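Step one of this worksheet: look at the structure below.
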Amino acid sequence: MTPIELNITGTVVSLKNSRRLVRKARTGKPFSIKSADAERYVRDFVAQIPAKYRGLKLGNQEHPLCVSVVVYYPSFRQDLSLDLVYDSLQLVGVIENDRWIRRKIEEAKIDKSNPRVEITITEES
(Lines give C-alpha, C1' and ligand atoms only; values in the text may rest on other atoms or scores of the structure.)
Protein backbone atom coordinates (compact mmCIF):
# COMPACT_ATOMS: atom_id res chain seq x y z
CA MET A 1 0.00 0.00 0.00
CA THR A 2 1.25 3.46 -0.88
CA PRO A 3 1.25 5.70 2.21
CA ILE A 4 -1.58 8.21 2.35
CA GLU A 5 -0.53 11.67 3.46
CA LEU A 6 -3.08 14.26 4.55
CA ASN A 7 -2.58 17.83 5.72
CA ILE A 8 -5.64 19.24 7.50
CA THR A 9 -5.66 22.89 8.60
CA GLY A 10 -7.34 24.04 11.80
CA THR A 11 -6.93 23.52 15.52
CA VAL A 12 -7.78 20.02 16.76
CA VAL A 13 -10.33 20.02 19.56
CA SER A 14 -10.15 17.49 22.38
CA LEU A 15 -13.20 15.24 22.16
CA LYS A 16 -12.98 14.48 25.87
CA ASN A 17 -12.92 18.12 26.92
CA SER A 18 -15.42 19.36 24.38
CA ARG A 19 -18.62 17.55 25.27
CA ARG A 20 -21.81 19.33 26.24
CA LEU A 21 -24.65 18.04 28.34
CA VAL A 22 -28.15 18.19 26.90
CA ARG A 23 -31.47 16.68 27.92
CA LYS A 24 -33.76 14.50 25.85
CA ALA A 25 -36.90 16.47 25.09
CA ARG A 26 -39.24 13.55 25.70
CA THR A 27 -37.74 12.06 28.86
CA GLY A 28 -35.64 14.87 30.29
CA LYS A 29 -32.71 12.47 30.79
CA PRO A 30 -29.26 14.02 30.31
CA PHE A 31 -26.76 12.80 27.74
CA SER A 32 -23.61 14.26 26.22
CA ILE A 33 -22.94 15.28 22.64
CA LYS A 34 -20.04 16.89 20.80
CA SER A 35 -19.57 20.58 21.39
CA ALA A 36 -20.18 23.10 18.62
CA ASP A 37 -16.39 23.48 18.28
CA ALA A 38 -15.95 19.73 17.82
CA GLU A 39 -18.76 19.57 15.26
CA ARG A 40 -17.22 22.50 13.38
CA TYR A 41 -13.80 20.82 13.35
CA VAL A 42 -15.26 17.57 11.99
CA ARG A 43 -17.11 19.48 9.25
CA ASP A 44 -13.93 21.35 8.26
CA PHE A 45 -11.83 18.16 8.44
CA VAL A 46 -14.20 16.26 6.14
CA ALA A 47 -14.27 19.14 3.63
CA GLN A 48 -10.46 19.04 3.32
CA ILE A 49 -10.17 15.32 2.47
CA PRO A 50 -9.38 14.90 -1.24
CA ALA A 51 -12.02 13.01 -3.23
CA LYS A 52 -9.56 10.24 -4.16
CA TYR A 53 -9.28 9.21 -0.47
CA ARG A 54 -12.99 9.31 0.37
CA GLY A 55 -14.56 5.90 0.75
CA LEU A 56 -11.30 3.92 0.62
CA LYS A 57 -12.22 2.15 3.87
CA LEU A 58 -8.67 1.07 4.63
CA GLY A 59 -7.87 -1.46 7.31
CA ASN A 60 -9.24 -4.79 8.44
CA GLN A 61 -8.13 -7.73 10.53
CA GLU A 62 -5.71 -8.96 7.85
CA HIS A 63 -4.44 -5.44 7.04
CA PRO A 64 -4.07 -3.43 10.28
CA LEU A 65 -3.00 0.20 10.00
CA CYS A 66 -0.23 2.40 11.33
CA VAL A 67 -1.11 6.08 11.65
CA SER A 68 1.47 8.78 12.27
CA VAL A 69 0.03 12.14 13.34
CA VAL A 70 1.86 15.40 13.94
CA VAL A 71 -0.41 18.07 15.41
CA TYR A 72 0.58 21.72 15.30
CA TYR A 73 -1.33 23.55 18.03
CA PRO A 74 -1.44 27.36 18.33
CA SER A 75 -0.26 27.18 21.97
CA PHE A 76 0.69 24.81 24.79
CA ARG A 77 -2.84 24.93 26.25
CA GLN A 78 -4.23 21.94 24.34
CA ASP A 79 -3.87 18.31 25.33
CA LEU A 80 -2.62 15.82 22.75
CA SER A 81 -6.00 14.21 22.16
CA LEU A 82 -6.61 12.80 18.69
CA ASP A 83 -9.83 10.80 19.07
CA LEU A 84 -11.66 13.36 16.97
CA VAL A 85 -9.09 12.98 14.16
CA TYR A 86 -9.51 9.19 14.09
CA ASP A 87 -13.31 9.49 14.24
CA SER A 88 -13.21 11.98 11.35
CA LEU A 89 -11.04 9.66 9.23
CA GLN A 90 -13.62 6.95 9.80
CA LEU A 91 -16.56 9.28 9.09
CA VAL A 92 -15.21 10.33 5.69
CA GLY A 93 -14.37 6.71 4.83
CA VAL A 94 -10.58 6.92 4.59
CA ILE A 95 -10.41 4.10 7.15
CA GLU A 96 -13.00 1.38 7.68
CA ASN A 97 -12.93 1.63 11.46
CA ASP A 98 -10.49 3.22 13.89
CA ARG A 99 -10.19 -0.13 15.67
CA TRP A 100 -7.97 -1.27 12.78
CA ILE A 101 -5.35 1.30 13.76
CA ARG A 102 -2.94 -0.93 15.64
CA ARG A 103 0.00 1.45 15.88
CA LYS A 104 -0.26 5.15 16.60
CA ILE A 105 2.63 7.58 16.46
CA GLU A 106 1.48 10.91 17.87
CA GLU A 107 3.43 14.12 18.29
CA ALA A 108 2.44 17.66 19.30
CA LYS A 109 4.23 20.79 18.15
CA ILE A 110 3.50 24.52 18.24
CA ASP A 111 2.78 26.71 15.21
CA LYS A 112 0.81 29.81 16.20
CA SER A 113 0.27 31.01 12.65
CA ASN A 114 -0.72 27.70 11.02
CA PRO A 115 -2.38 25.12 13.31
CA ARG A 116 -2.83 21.86 11.44
CA VAL A 117 -2.65 18.08 11.50
CA GLU A 118 -0.28 16.08 9.29
CA ILE A 119 -1.42 12.47 8.94
CA THR A 120 0.35 9.51 7.32
CA ILE A 121 -1.50 6.20 7.01
CA THR A 122 0.26 2.96 6.10
CA GLU A 123 -0.43 -0.75 6.47
CA GLU A 124 1.23 -2.29 9.50
CA SER A 125 3.99 -4.66 8.43
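Chain identifiers are assigned as A, B, and so on, following the order in which chains appear in the C-alpha coordinates; residues are numbered from 1 within each chain, and ligands are numbered from 1 in order of appearance.
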Near A:Arg40, within 12 Å and counting only C-alpha atoms, which residues show up once chain neighbours fewer than 6 positions away are dropped, as a count of residues only?
10
From the list A:Ser125, A:Gln90, A:Asn97, A:Ser14, the nearest residue to A:Tyr53 using only C-alpha atoms is A:Gln90
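Of the residues listed (A:Asp111, A:Lys24, A:Tyr86, A:Asp44), A:Tyr86 shows the shortest atom-to-atom separation from A:Val69; distances use only C-alpha atoms.
DSSP on the backbone gives alpha helix (DSSP H) for these parts of chain A: Ala36, Asp37, Ala38, Glu39, Arg40, Tyr41, Val42, Arg43, Asp44, Phe45, Val46, Ala47, Asp83, Leu84, Val85, Tyr86, Asp87, Ser88, Leu89, Gln90, Leu91 and Val92 of chain A.
Candidate residues A:Leu65, A:Met1, A:Ile8, A:Val70 were compared for distance to A:Tyr41, and the nearest is A:Ile8, using only C-alpha atoms.
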| task | Among the residues of chain A, find those DSSP assigns to strand (DSSP E) from the backbone and print them as number ranges by chain. | result | A: 4-9, 19-23, 30-34, 65-73, 101-110, 116-123
Could you dump the residues just selected with N, CA and C atoms as a CSV table (one decimal), in the first residue's frame?
```
chain,number,residue,atom,x,y,z
A,4,ILE,N,-0.7,7.1,2.6
A,4,ILE,CA,-1.6,8.2,2.3
A,4,ILE,C,-1.2,9.3,3.3
A,5,GLU,N,-0.9,10.5,2.7
A,5,GLU,CA,-0.5,11.7,3.5
A,5,GLU,C,-1.6,12.8,3.3
A,6,LEU,N,-2.0,13.2,4.5
A,6,LEU,CA,-3.1,14.3,4.5
A,6,LEU,C,-2.6,15.4,5.4
A,7,ASN,N,-2.9,16.6,5.0
A,7,ASN,CA,-2.6,17.8,5.7
A,7,ASN,C,-3.9,18.6,5.9
A,8,ILE,N,-4.4,18.6,7.2
A,8,ILE,CA,-5.6,19.2,7.5
A,8,ILE,C,-5.4,20.5,8.3
A,9,THR,N,-5.9,21.6,7.9
A,9,THR,CA,-5.7,22.9,8.6
A,9,THR,C,-6.8,23.1,9.6
A,19,ARG,N,-17.3,18.1,25.3
A,19,ARG,CA,-18.6,17.6,25.3
A,19,ARG,C,-19.6,18.5,25.9
A,20,ARG,N,-20.8,18.5,25.6
A,20,ARG,CA,-21.8,19.3,26.2
A,20,ARG,C,-23.0,18.4,26.7
A,21,LEU,N,-23.6,18.8,27.8
A,21,LEU,CA,-24.6,18.0,28.3
A,21,LEU,C,-26.0,18.6,27.9
A,22,VAL,N,-26.8,17.8,27.3
A,22,VAL,CA,-28.2,18.2,26.9
A,22,VAL,C,-29.2,17.2,27.5
A,23,ARG,N,-30.4,17.6,27.4
A,23,ARG,CA,-31.5,16.7,27.9
A,23,ARG,C,-32.4,16.2,26.8
A,30,PRO,N,-30.5,13.4,30.9
A,30,PRO,CA,-29.3,14.0,30.3
A,30,PRO,C,-28.4,13.0,29.5
A,31,PHE,N,-27.8,13.5,28.5
A,31,PHE,CA,-26.8,12.8,27.7
A,31,PHE,C,-25.8,13.8,27.1
A,32,SER,N,-24.6,13.3,26.7
A,32,SER,CA,-23.6,14.3,26.2
A,32,SER,C,-23.5,14.1,24.7
A,33,ILE,N,-23.2,15.2,24.1
A,33,ILE,CA,-22.9,15.3,22.6
A,33,ILE,C,-21.7,16.1,22.4
A,34,LYS,N,-21.2,16.1,21.2
A,34,LYS,CA,-20.0,16.9,20.8
A,34,LYS,C,-20.4,18.4,20.9
A,65,LEU,N,-3.6,-1.1,10.4
A,65,LEU,CA,-3.0,0.2,10.0
A,65,LEU,C,-2.0,0.8,11.0
A,66,CYS,N,-1.1,1.6,10.5
A,66,CYS,CA,-0.2,2.4,11.3
A,66,CYS,C,-0.5,3.8,10.9
A,67,VAL,N,-0.8,4.7,11.9
A,67,VAL,CA,-1.1,6.1,11.7
A,67,VAL,C,-0.1,6.9,12.4
A,68,SER,N,0.5,7.8,11.7
A,68,SER,CA,1.5,8.8,12.3
A,68,SER,C,0.8,10.2,12.2
A,69,VAL,N,0.7,10.8,13.3
A,69,VAL,CA,0.0,12.1,13.3
A,69,VAL,C,0.9,13.2,14.0
A,70,VAL,N,1.2,14.3,13.3
A,70,VAL,CA,1.9,15.4,13.9
A,70,VAL,C,0.9,16.5,14.0
A,71,VAL,N,0.6,17.0,15.2
A,71,VAL,CA,-0.4,18.1,15.4
A,71,VAL,C,0.3,19.3,15.7
A,72,TYR,N,0.0,20.4,15.0
A,72,TYR,CA,0.6,21.7,15.3
A,72,TYR,C,-0.5,22.6,16.0
A,73,TYR,N,-0.4,22.8,17.3
A,73,TYR,CA,-1.3,23.6,18.0
A,73,TYR,C,-0.9,25.0,18.0
A,101,ILE,N,-6.6,0.6,13.5
A,101,ILE,CA,-5.3,1.3,13.8
A,101,ILE,C,-4.7,0.6,14.9
A,102,ARG,N,-3.6,-0.1,14.6
A,102,ARG,CA,-2.9,-0.9,15.6
A,102,ARG,C,-1.6,-0.3,16.1
A,103,ARG,N,-1.2,0.7,15.4
A,103,ARG,CA,0.0,1.4,15.9
A,103,ARG,C,-0.2,2.9,15.6
A,104,LYS,N,-0.1,3.7,16.7
A,104,LYS,CA,-0.3,5.2,16.6
A,104,LYS,C,1.0,5.8,17.0
A,105,ILE,N,1.5,6.8,16.2
A,105,ILE,CA,2.6,7.6,16.5
A,105,ILE,C,2.1,9.0,16.5
A,106,GLU,N,2.1,9.6,17.7
A,106,GLU,CA,1.5,10.9,17.9
A,106,GLU,C,2.5,11.9,18.4
A,107,GLU,N,2.5,13.1,17.9
A,107,GLU,CA,3.4,14.1,18.3
A,107,GLU,C,2.7,15.5,18.3
A,108,ALA,N,3.0,16.3,19.2
A,108,ALA,CA,2.4,17.7,19.3
A,108,ALA,C,3.5,18.7,19.2
A,109,LYS,N,3.3,19.7,18.3
A,109,LYS,CA,4.2,20.8,18.2
A,109,LYS,C,3.4,22.1,18.2
A,110,ILE,N,4.1,23.2,18.2
A,110,ILE,CA,3.5,24.5,18.2
A,110,ILE,C,3.8,25.3,16.9
A,116,ARG,N,-2.5,22.9,12.4
A,116,ARG,CA,-2.8,21.9,11.4
A,116,ARG,C,-2.5,20.5,12.0
A,117,VAL,N,-2.9,19.5,11.2
A,117,VAL,CA,-2.7,18.1,11.5
A,117,VAL,C,-2.0,17.5,10.2
A,118,GLU,N,-0.9,16.8,10.4
A,118,GLU,CA,-0.3,16.1,9.3
A,118,GLU,C,-0.4,14.6,9.6
A,119,ILE,N,-1.1,13.9,8.7
A,119,ILE,CA,-1.4,12.5,8.9
A,119,ILE,C,-0.8,11.6,7.8
A,120,THR,N,-0.2,10.5,8.3
A,120,THR,CA,0.3,9.5,7.3
A,120,THR,C,-0.2,8.2,7.7
A,121,ILE,N,-0.9,7.5,6.8
A,121,ILE,CA,-1.5,6.2,7.0
A,121,ILE,C,-0.8,5.1,6.2
A,122,THR,N,-0.4,4.1,6.8
A,122,THR,CA,0.3,3.0,6.1
A,122,THR,C,-0.3,1.7,6.7
A,123,GLU,N,-0.1,0.6,5.9
A,123,GLU,CA,-0.4,-0.7,6.5
A,123,GLU,C,0.7,-1.2,7.4
```
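Note that atom CA of A:Pro3 and atom CA of A:Glu39 are 27.6 Å apart.
What separates atom CA of A:Asn60 from atom CA of A:Arg43 is a distance of 25.5 Å.
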